[in-house]
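S.K.: structure22.cif is reproduced in full below (mmCIF, C-alpha atoms).
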```
data_final
loop_
_atom_site.label_atom_id
_atom_site.label_comp_id
_atom_site.auth_asym_id
_atom_site.auth_seq_id
_atom_site.Cartn_x
_atom_site.Cartn_y
_atom_site.Cartn_z
CA MET R 1 76.32 59.76 120.91
CA ASN R 2 76.18 60.60 124.58
CA GLY R 3 75.04 64.15 124.94
CA THR R 4 76.38 65.14 121.57
CA THR R 5 74.89 65.56 118.14
CA ASP R 6 75.73 63.23 115.31
CA ILE R 7 76.97 65.12 112.35
CA ASN R 8 76.73 63.99 108.82
CA VAL R 9 78.61 66.35 106.60
CA ALA R 10 77.44 66.53 103.03
CA ILE R 11 80.46 65.67 100.98
CA THR R 12 80.02 64.22 97.56
CA GLU R 13 83.54 64.23 96.18
CA ASP R 14 87.17 64.55 97.04
CA ASP R 15 86.52 64.97 100.73
CA GLY R 16 89.83 63.32 101.57
CA GLY R 17 88.56 62.39 105.00
CA LEU R 18 88.32 66.00 106.16
CA ASP R 19 86.06 66.29 109.18
CA PRO R 20 84.67 69.64 110.35
CA ARG R 21 87.23 70.03 113.12
CA GLN R 22 90.10 69.36 110.71
CA ALA R 23 88.54 71.74 108.23
CA ALA R 24 88.32 74.45 110.89
CA GLU R 25 91.95 73.89 111.86
CA LEU R 26 93.09 73.92 108.24
CA LEU R 27 91.13 77.10 107.59
CA SER R 28 92.52 78.83 110.66
CA GLN R 29 96.08 77.69 109.92
CA THR R 30 95.87 78.81 106.29
CA GLU R 31 94.45 82.20 107.28
CA LYS R 32 97.33 82.76 109.71
CA GLN R 33 99.95 81.72 107.15
CA THR R 34 98.38 83.86 104.47
CA LYS R 35 98.13 86.87 106.75
CA ARG R 36 101.87 86.62 107.39
CA ALA R 37 102.67 86.11 103.71
CA PHE R 38 100.83 89.31 102.77
CA ASP R 39 101.97 91.36 105.75
CA PHE R 40 103.65 94.55 104.54
CA ALA R 41 104.47 95.54 108.13
CA PRO R 42 105.61 92.44 110.02
CA PRO R 43 106.81 92.72 113.63
CA TRP R 44 110.47 92.50 112.65
CA LEU R 45 110.03 95.62 110.50
CA SER R 46 108.86 97.55 113.58
CA LEU R 47 111.93 96.28 115.47
CA PHE R 48 114.13 97.32 112.58
CA GLY R 49 112.39 100.71 112.40
CA ALA R 50 112.96 101.20 116.14
CA ALA R 51 116.67 100.51 115.71
CA ILE R 52 116.95 102.79 112.67
CA LEU R 53 115.12 105.63 114.42
CA LEU R 54 117.30 105.30 117.50
CA VAL R 55 120.53 105.21 115.47
CA ALA R 56 119.61 108.05 113.08
CA TYR R 57 118.12 110.42 115.66
CA GLY R 58 120.76 109.39 118.20
CA GLY R 59 123.44 110.27 115.65
CA LEU R 60 121.81 113.63 114.98
CA TYR R 61 121.60 114.33 118.71
CA MET R 62 125.29 113.46 119.12
CA ALA R 63 126.09 115.77 116.17
CA ALA R 64 124.20 118.69 117.73
CA ARG R 65 124.38 118.28 121.51
CA ASN R 66 127.38 120.53 122.29
CA GLU R 67 126.51 123.45 120.07
CA HIS R 68 126.36 126.91 121.62
CA PRO R 69 124.85 128.73 119.84
CA TYR R 70 122.87 126.06 118.05
CA LYS R 71 123.67 125.76 114.31
CA GLY R 72 122.20 122.32 113.57
CA PRO R 73 123.78 118.84 113.52
CA HIS R 74 127.22 118.61 111.93
CA GLY R 75 130.39 116.54 112.13
CA PRO R 76 131.18 112.84 111.76
CA TRP R 77 128.06 111.70 113.64
CA LEU R 78 126.02 112.89 110.67
CA LEU R 79 127.37 109.94 108.67
CA VAL R 80 125.01 107.58 110.48
CA VAL R 81 122.02 109.33 108.88
CA PRO R 82 122.61 108.39 105.22
CA VAL R 83 123.60 104.89 106.32
CA ALA R 84 120.33 104.56 108.26
CA ILE R 85 118.29 105.94 105.35
CA VAL R 86 119.88 103.60 102.81
CA ALA R 87 119.44 100.60 105.12
CA SER R 88 115.82 101.50 105.82
CA VAL R 89 114.87 102.07 102.19
CA SER R 90 116.62 98.94 100.90
CA VAL R 91 115.07 96.70 103.56
CA ARG R 92 111.60 98.11 102.87
CA LEU R 93 112.01 97.68 99.10
CA ARG R 94 113.09 94.07 99.52
CA LEU R 95 110.15 93.38 101.80
CA PHE R 96 107.79 95.05 99.34
CA ASP R 97 109.15 92.95 96.46
CA LYS R 98 108.76 89.77 98.47
CA VAL R 99 105.25 90.43 99.78
CA SER R 100 103.83 91.87 96.58
CA ALA R 101 105.30 89.20 94.28
CA GLY R 102 102.55 88.04 91.94
CA LEU R 103 100.05 90.46 93.42
CA THR R 104 98.11 92.68 91.03
CA GLY R 105 95.24 95.06 91.56
CA PRO R 106 94.28 98.08 93.64
CA THR R 107 96.63 97.26 96.54
CA GLN R 108 99.71 97.76 94.38
CA VAL R 109 98.35 101.04 93.08
CA ARG R 110 97.65 102.22 96.64
CA ILE R 111 101.16 101.28 97.79
CA HIS R 112 102.79 103.17 94.91
CA ALA R 113 100.57 106.20 95.54
CA THR R 114 101.41 106.14 99.25
CA SER R 115 105.14 105.90 98.53
CA ALA R 116 104.91 108.83 96.11
CA ALA R 117 103.04 110.88 98.74
CA ILE R 118 105.73 110.14 101.35
CA VAL R 119 108.54 111.19 98.98
CA LEU R 120 106.62 114.35 98.11
CA GLY R 121 106.09 115.03 101.83
CA PHE R 122 109.84 114.86 102.47
CA ILE R 123 110.58 117.15 99.53
CA CYS R 124 108.07 119.64 100.96
CA ILE R 125 109.66 119.46 104.43
CA TYR R 126 113.10 120.40 103.16
CA THR R 127 111.72 123.04 100.82
CA PHE R 128 109.90 124.44 103.82
CA ASP R 129 113.29 124.64 105.61
CA ALA R 130 114.48 127.12 103.00
CA ALA R 131 111.28 129.13 103.34
CA LEU R 132 111.64 129.27 107.12
CA ARG R 133 115.23 130.46 106.88
CA HIS R 134 114.19 133.02 104.27
CA ALA R 135 111.52 134.27 106.67
CA GLY R 136 114.15 134.73 109.36
CA ALA R 137 113.52 131.69 111.55
CA SER R 138 116.49 130.76 113.74
CA TYR R 139 118.76 127.73 113.29
CA SER R 140 117.23 126.31 116.46
CA ILE R 141 113.79 126.29 114.88
CA VAL R 142 114.73 125.22 111.37
CA TYR R 143 117.52 122.66 112.00
CA GLY R 144 116.36 121.68 115.48
CA VAL R 145 112.69 121.59 116.35
CA PHE R 146 111.21 121.60 112.83
CA ASP R 147 113.59 119.18 111.10
CA ALA R 148 113.39 116.75 114.00
CA ALA R 149 109.62 116.74 114.32
CA ALA R 150 108.24 117.38 110.83
CA PRO R 151 109.24 114.06 109.17
CA ILE R 152 107.78 112.09 112.07
CA LEU R 153 104.59 114.18 112.09
CA ILE R 154 104.12 113.64 108.36
CA LEU R 155 104.86 109.92 108.48
CA GLY R 156 102.73 109.55 111.60
CA ALA R 157 99.74 111.37 110.10
CA MET R 158 99.93 109.40 106.86
CA GLY R 159 100.39 106.13 108.71
CA ALA R 160 97.47 106.84 111.04
CA ALA R 161 95.14 107.83 108.19
CA ASN R 162 96.12 104.82 106.12
CA ALA R 163 95.72 102.47 109.08
CA ALA R 164 92.33 103.93 109.96
CA TRP R 165 91.16 103.31 106.41
CA ARG R 166 92.27 99.65 106.74
CA GLU R 167 90.79 99.45 110.26
CA ASP R 168 94.25 98.50 111.54
CA TRP R 169 93.91 100.00 115.00
CA LEU R 170 97.29 98.84 116.30
CA THR R 171 99.16 100.66 113.53
CA MET R 172 96.91 103.66 113.94
CA GLY R 173 97.69 103.75 117.67
CA SER R 174 101.43 103.50 117.03
CA ALA R 175 101.36 106.18 114.34
CA THR R 176 99.42 108.46 116.68
CA GLY R 177 101.98 107.69 119.40
CA LEU R 178 104.78 108.80 117.08
CA MET R 179 102.95 112.08 116.44
CA VAL R 180 102.58 112.66 120.18
CA VAL R 181 106.30 111.98 120.68
CA ALA R 182 107.25 114.39 117.87
CA THR R 183 104.98 117.10 119.27
CA THR R 184 106.34 116.61 122.80
CA ALA R 185 109.89 116.82 121.47
CA ALA R 186 109.20 120.34 120.22
CA PHE R 187 109.17 121.43 123.87
CA ALA R 188 112.69 120.10 124.45
CA SER R 189 115.80 122.02 123.47
CA PRO R 190 116.73 122.08 119.76
CA ALA R 191 119.35 119.35 120.29
CA GLY R 192 117.19 117.57 122.86
CA SER R 193 114.32 117.21 120.38
CA TRP R 194 116.44 114.72 118.38
CA ALA R 195 117.04 112.64 121.48
CA VAL R 196 113.41 112.75 122.62
CA ILE R 197 112.17 111.54 119.22
CA GLY R 198 114.91 108.91 118.91
CA ILE R 199 114.13 107.39 122.30
CA GLY R 200 110.36 108.00 122.33
CA GLY R 201 109.87 106.77 118.77
CA CYS R 202 111.97 103.72 119.50
CA ILE R 203 109.76 102.87 122.48
CA VAL R 204 106.58 103.30 120.41
CA LEU R 205 107.88 101.01 117.65
CA LEU R 206 109.15 98.41 120.12
CA SER R 207 105.71 98.37 121.75
CA ASN R 208 104.11 97.98 118.33
CA ALA R 209 106.37 94.99 117.58
CA ALA R 210 105.64 93.40 120.96
CA VAL R 211 101.87 93.65 120.51
CA LYS R 212 102.09 92.30 116.94
CA ILE R 213 104.15 89.32 118.08
CA ARG R 214 101.69 88.64 120.87
CA LEU R 215 98.72 88.83 118.48
CA GLN R 216 100.42 86.49 116.02
CA ARG R 217 100.97 83.89 118.72
CA ARG R 218 97.28 83.73 119.62
CA MET D 1 99.33 79.23 82.04
CA THR D 2 95.64 79.00 81.29
CA ILE D 3 92.87 77.44 83.23
CA GLU D 4 90.94 75.73 80.47
CA PRO D 5 87.26 74.92 80.90
CA ILE D 6 86.63 71.29 81.63
CA ASP D 7 83.72 69.01 80.82
CA GLU D 8 83.19 67.40 84.16
CA SER D 9 80.22 68.72 86.03
CA ALA D 10 80.47 71.09 88.88
CA ALA D 11 80.39 69.72 92.35
CA ALA D 12 77.07 68.44 93.51
CA ALA D 13 74.67 70.92 94.98
CA PRO D 14 74.22 70.75 98.72
CA ASP D 15 70.68 69.40 98.34
CA GLN D 16 72.05 66.28 96.68
CA ALA D 17 73.95 65.30 99.78
CA PRO D 18 73.10 62.02 101.43
CA ALA D 19 71.14 62.30 104.63
CA THR D 20 70.09 59.84 107.23
CA PRO D 21 67.07 60.44 109.40
CA SER D 22 68.93 59.82 112.66
CA THR D 23 71.51 62.52 112.10
CA VAL D 24 71.47 66.26 111.95
CA LEU D 25 72.60 67.15 108.50
CA THR D 26 74.66 70.29 108.36
CA GLU D 27 75.87 70.96 104.89
CA LEU D 28 79.30 72.22 104.07
CA ASP D 29 79.83 73.44 100.55
CA PRO D 30 81.29 70.37 98.82
CA VAL D 31 83.23 72.51 96.38
CA ILE D 32 85.14 74.16 99.21
CA HIS D 33 85.26 71.23 101.61
CA VAL D 34 88.38 69.69 100.11
CA PRO D 35 91.75 70.46 101.73
CA ALA D 36 93.39 71.93 98.64
CA ARG D 37 90.39 74.05 97.64
CA LEU D 38 89.79 75.17 101.20
CA ARG D 39 93.38 76.42 101.33
CA LEU D 40 93.01 78.07 97.93
CA MET D 41 89.86 79.89 98.97
CA ALA D 42 91.33 80.98 102.33
CA THR D 43 94.48 82.22 100.61
CA LEU D 44 92.62 84.21 97.96
CA ALA D 45 90.22 85.59 100.59
CA ALA D 46 93.17 87.31 102.27
CA LEU D 47 93.51 89.56 99.23
CA ARG D 48 91.61 92.82 99.13
CA ASP D 49 88.64 93.20 96.80
CA GLY D 50 89.84 93.50 93.22
CA ASP D 51 93.31 92.09 93.90
CA SER D 52 94.52 88.90 92.28
CA LEU D 53 97.48 86.59 92.70
CA SER D 54 99.70 85.02 90.07
CA PHE D 55 99.40 81.31 89.43
CA THR D 56 103.07 80.86 90.37
CA ARG D 57 102.80 82.62 93.72
CA LEU D 58 99.60 80.75 94.51
CA GLN D 59 101.32 77.49 93.68
CA ASP D 60 104.25 78.37 95.96
CA MET D 61 101.91 79.22 98.80
CA ILE D 62 99.67 76.18 98.50
CA GLY D 63 102.40 73.71 97.57
CA LEU D 64 100.52 71.86 94.83
CA THR D 65 101.82 70.68 91.49
CA PRO D 66 100.72 72.87 88.54
CA GLY D 67 98.42 70.11 87.28
CA ASN D 68 96.69 69.68 90.63
CA LEU D 69 96.36 73.39 91.10
CA ILE D 70 94.80 73.83 87.66
CA THR D 71 92.30 71.05 88.38
CA HIS D 72 91.18 72.61 91.64
CA LEU D 73 91.06 76.09 90.18
CA ARG D 74 88.88 74.87 87.31
CA LYS D 75 86.35 73.52 89.77
CA LEU D 76 86.30 76.77 91.68
CA GLU D 77 86.04 78.76 88.48
CA GLU D 78 83.15 76.65 87.18
CA VAL D 79 81.01 77.53 90.17
CA GLY D 80 82.04 81.17 89.94
CA TYR D 81 84.11 81.31 93.13
CA VAL D 82 87.32 82.44 91.45
CA VAL D 83 88.12 84.24 88.28
CA SER D 84 91.32 84.04 86.27
CA SER D 85 92.72 86.70 84.03
CA LYS D 86 95.73 87.01 81.80
CA THR D 87 98.00 89.98 82.14
CA VAL D 88 101.40 90.90 80.80
CA ILE D 89 103.80 92.16 83.46
CA LYS D 90 107.23 93.34 82.31
CA LEU D 91 106.67 91.56 78.97
CA VAL D 92 105.95 88.26 80.72
CA PRO D 93 102.43 86.84 80.35
CA GLN D 94 100.95 85.94 83.67
CA THR D 95 97.76 84.24 84.80
CA SER D 96 96.27 85.82 87.88
CA ILE D 97 93.54 84.40 90.05
CA GLY D 98 91.19 86.36 92.25
CA LEU D 99 88.23 85.55 94.46
CA THR D 100 84.84 86.71 93.23
CA ASN D 101 82.18 88.25 95.46
CA ARG D 102 80.30 84.98 95.15
CA GLY D 103 83.41 83.08 96.25
CA ARG D 104 83.90 85.37 99.23
CA ALA D 105 80.26 84.91 100.24
CA ALA D 106 80.56 81.13 99.81
CA LEU D 107 83.63 81.04 102.07
CA ASP D 108 81.81 83.14 104.67
CA SER D 109 78.87 80.71 104.56
CA TYR D 110 81.26 77.78 104.80
CA ARG D 111 82.94 79.33 107.82
CA GLU D 112 79.54 79.93 109.42
CA ALA D 113 78.47 76.34 108.73
CA LEU D 114 81.68 75.05 110.31
CA ARG D 115 81.06 77.24 113.35
CA GLU D 116 77.56 75.84 113.73
CA LEU D 117 78.78 72.28 113.32
CA LEU D 118 81.55 72.63 115.85
CA GLY D 119 79.30 74.48 118.25
CA GLY D 120 77.05 71.44 118.22
CA LEU D 121 79.83 68.98 119.00
#
```
Take the structure I supplied and represent it as structure tokens, if you would.
M.R.:
Amino acid sequence: MNGTTDINVAITEDDGGLDPRQAAELLSQTEKQTKRAFDFAPPWLSLFGAAILLVAYGGLYMAARNEHPYKGPHGPWLLVVPVAIVASVSVRLRLFDKVSAGLTGPTQVRIHATSAAIVLGFICIYTFDAALRHAGASYSIVYGVFDAAAPILILGAMGAANAAWREDWLTMGSATGLMVVATTAAFASPAGSWAVIGIGGCIVLLSNAAVKIRLQRR
Amino acid sequence: MTIEPIDESAAAAPDQAPATPSTVLTELDPVIHVPARLRLMATLAALRDGDSLSFTRLQDMIGLTPGNLITHLRKLEEVGYVVSSKTVIKLVPQTSIGLTNRGRAALDSYREALRELLGGL
């Protein structure tokens, strides 16, 4: 051939006419499809998480914004929180069932252990609330700054550590971003901290989704 | 579902491949270089070490008939690229297939060989 190398691929059976270029395309295509099939955190989940965070924290901000003195979120706006939690948990469970169908081995064990650690973390947060009140901390601290930031700090730290272990730098960056947002929110007013986390967290998760979508299209 | 051992010999070793003096012979693992088996290997390689996938899910993902899938899996199992195991999940027996270290290394070598071949085109 002119300026090229002739290639004779050693195939002895069942080659089905697959040349190296086709094989490379098939391999690449299969790897992309498989990556999506086993993706426990697809881009749409980040979009959904952004919406949930905005709605839940927005609702809590609306429930607390006009309080003087601050007593913590209350009133009809609080109803959006259980709705957001139920929606979030059910969507994640369905995704988990779908992605992990037929999968056995250490990954399943790790996912169950991580879920248990998250639940335990939340139990600790709200037990800590009682301890803070018992120690004389104000409503502004307990039902404002702490309750707004602590869940995000815990989820962010766990997410960042888990992502670092998997060398998933995008998720690690996003989880770290959420921790920064939660820490920054502590400097806002008790009611304002809900709004800062709702909006800031939403932006972080939207960015995460945008980068994931862009990477998938490559 | 069980992947029974079969009598037919494993795929030919790379050194049995035909060669012509006027060509550069770059060998691709003949066991992997078949569309269905290439897809099977790439799919199983996406799992983490120690994880395995049920026959049913694998069939759904690859889109082969059970008979075809068993045939290809047997060939991969004979050369030690995949391993199958039987488990019982929620009282339902299930055959799971996972990639062995040897299989992962073979796919890496295959990928490298492809890269070399295409780099020379």
S.K.: Would you kindly return, as a list in words, each protein, DNA or RNA residue with an atom no farther than 12 Å from any atom of Ser115 in chain R, considering all atoms listed in the file and excluding same-chain residues fewer than 3 positions away?
M.R.: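 Near Ser115 in chain R, the qualifying residues are Val89, Arg92, Leu93, Phe96, Gln108, Val109, Arg110, Ile111, His112, Ile118, Val119, Leu120, Gly121, Phe122, Leu155, Met158, Gly159 and Asn162 of chain R.
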S.K.: Residues of range 23-51 of chain D that have any atom at most 12 Å from an atom of range 86-99 of chain D: could you tabulate them with the shortest-distance atom pair and the distance in Å to one decimal, using all atoms listed in the file, ordered by chain and increasing number, as JSON lines?
M.R.:
```
{"residue": "D:Leu40", "atom": "CA", "partner": "D:Leu99", "partner_atom": "CA", "distance": 9.5}
{"residue": "D:Met41", "atom": "CA", "partner": "D:Leu99", "partner_atom": "CA", "distance": 7.4}
{"residue": "D:Ala42", "atom": "CA", "partner": "D:Leu99", "partner_atom": "CA", "distance": 9.6}
{"residue": "D:Thr43", "atom": "CA", "partner": "D:Leu99", "partner_atom": "CA", "distance": 9.4}
{"residue": "D:Leu44", "atom": "CA", "partner": "D:Leu99", "partner_atom": "CA", "distance": 5.8}
{"residue": "D:Ala45", "atom": "CA", "partner": "D:Leu99", "partner_atom": "CA", "distance": 6.4}
{"residue": "D:Ala46", "atom": "CA", "partner": "D:Leu99", "partner_atom": "CA", "distance": 9.4}
{"residue": "D:Leu47", "atom": "CA", "partner": "D:Gly98", "partner_atom": "CA", "distance": 8.0}
{"residue": "D:Arg48", "atom": "CA", "partner": "D:Leu99", "partner_atom": "CA", "distance": 9.3}
{"residue": "D:Asp49", "atom": "CA", "partner": "D:Leu99", "partner_atom": "CA", "distance": 8.0}
{"residue": "D:Gly50", "atom": "CA", "partner": "D:Gly98", "partner_atom": "CA", "distance": 7.3}
{"residue": "D:Asp51", "atom": "CA", "partner": "D:Gly98", "partner_atom": "CA", "distance": 6.3}
```
S.K.: What does the PyMOL selection byres ((chain R and resi 38) around 8) select in this file, as a PDB file with C-alpha atoms, in the frame of the given file?
M.R.:
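Writing the result to out07.pdb gives the following:
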```
ATOM      1  CA  THR R  34      98.380  83.860 104.470  1.00  0.00           C
ATOM      2  CA  LYS R  35      98.130  86.870 106.750  1.00  0.00           C
ATOM      3  CA  ARG R  36     101.870  86.620 107.390  1.00  0.00           C
ATOM      4  CA  ALA R  37     102.670  86.110 103.710  1.00  0.00           C
ATOM      5  CA  ASP R  39     101.970  91.360 105.750  1.00  0.00           C
ATOM      6  CA  PHE R  40     103.650  94.550 104.540  1.00  0.00           C
ATOM      7  CA  VAL R  99     105.250  90.430  99.780  1.00  0.00           C
ATOM      8  CA  SER R 100     103.830  91.870  96.580  1.00  0.00           C
TER       9      SER R 100
ATOM     10  CA  ALA D  46      93.170  87.310 102.270  1.00  0.00           C
TER      11      ALA D  46
END
```
S.K.: Could you list, as number ranges by chain, every residue matched by the PyMOL selection byres ((chain R and resi 78) around 12) in this structure?
M.R.: R: 55-64, 72-77, 79-85
S.K.: Could you write out as a ChimeraX atom specification the residues that the PyMOL selection byres ((chain R and resi 190) around 12) matches in the shown file?
M.R.: /R:60-61,63-73,138-149,185-189,191-197
S.K.: Residues within 8 Å of range 101-113 of chain D, please, as a PyMOL selection string. Count only C-alpha atoms; anything in the same chain fewer than 5 positions from it doesn't count.
M.R.: (chain R and resi 24) or (chain D and resi 26-29+32+41-42+45+80-82)
S.K.: One decimal, Å: what's the distance from CA of Ala210 in chain R over to CA of Leu170 in chain R, could you say?
M.R.: 11.0 Å
S.K.: State, in Å with one decimal place, the distance from CA of Tyr126 in chain R to CA of Gly198 in chain R.
M.R.: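 Between CA of Tyr126 in chain R and CA of Gly198 in chain R the gap works out to 19.6 Å.
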S.K.: How many Å separate CA of Val180 in chain R from CA of Ile154 in chain R?
M.R.: 12.0 Å
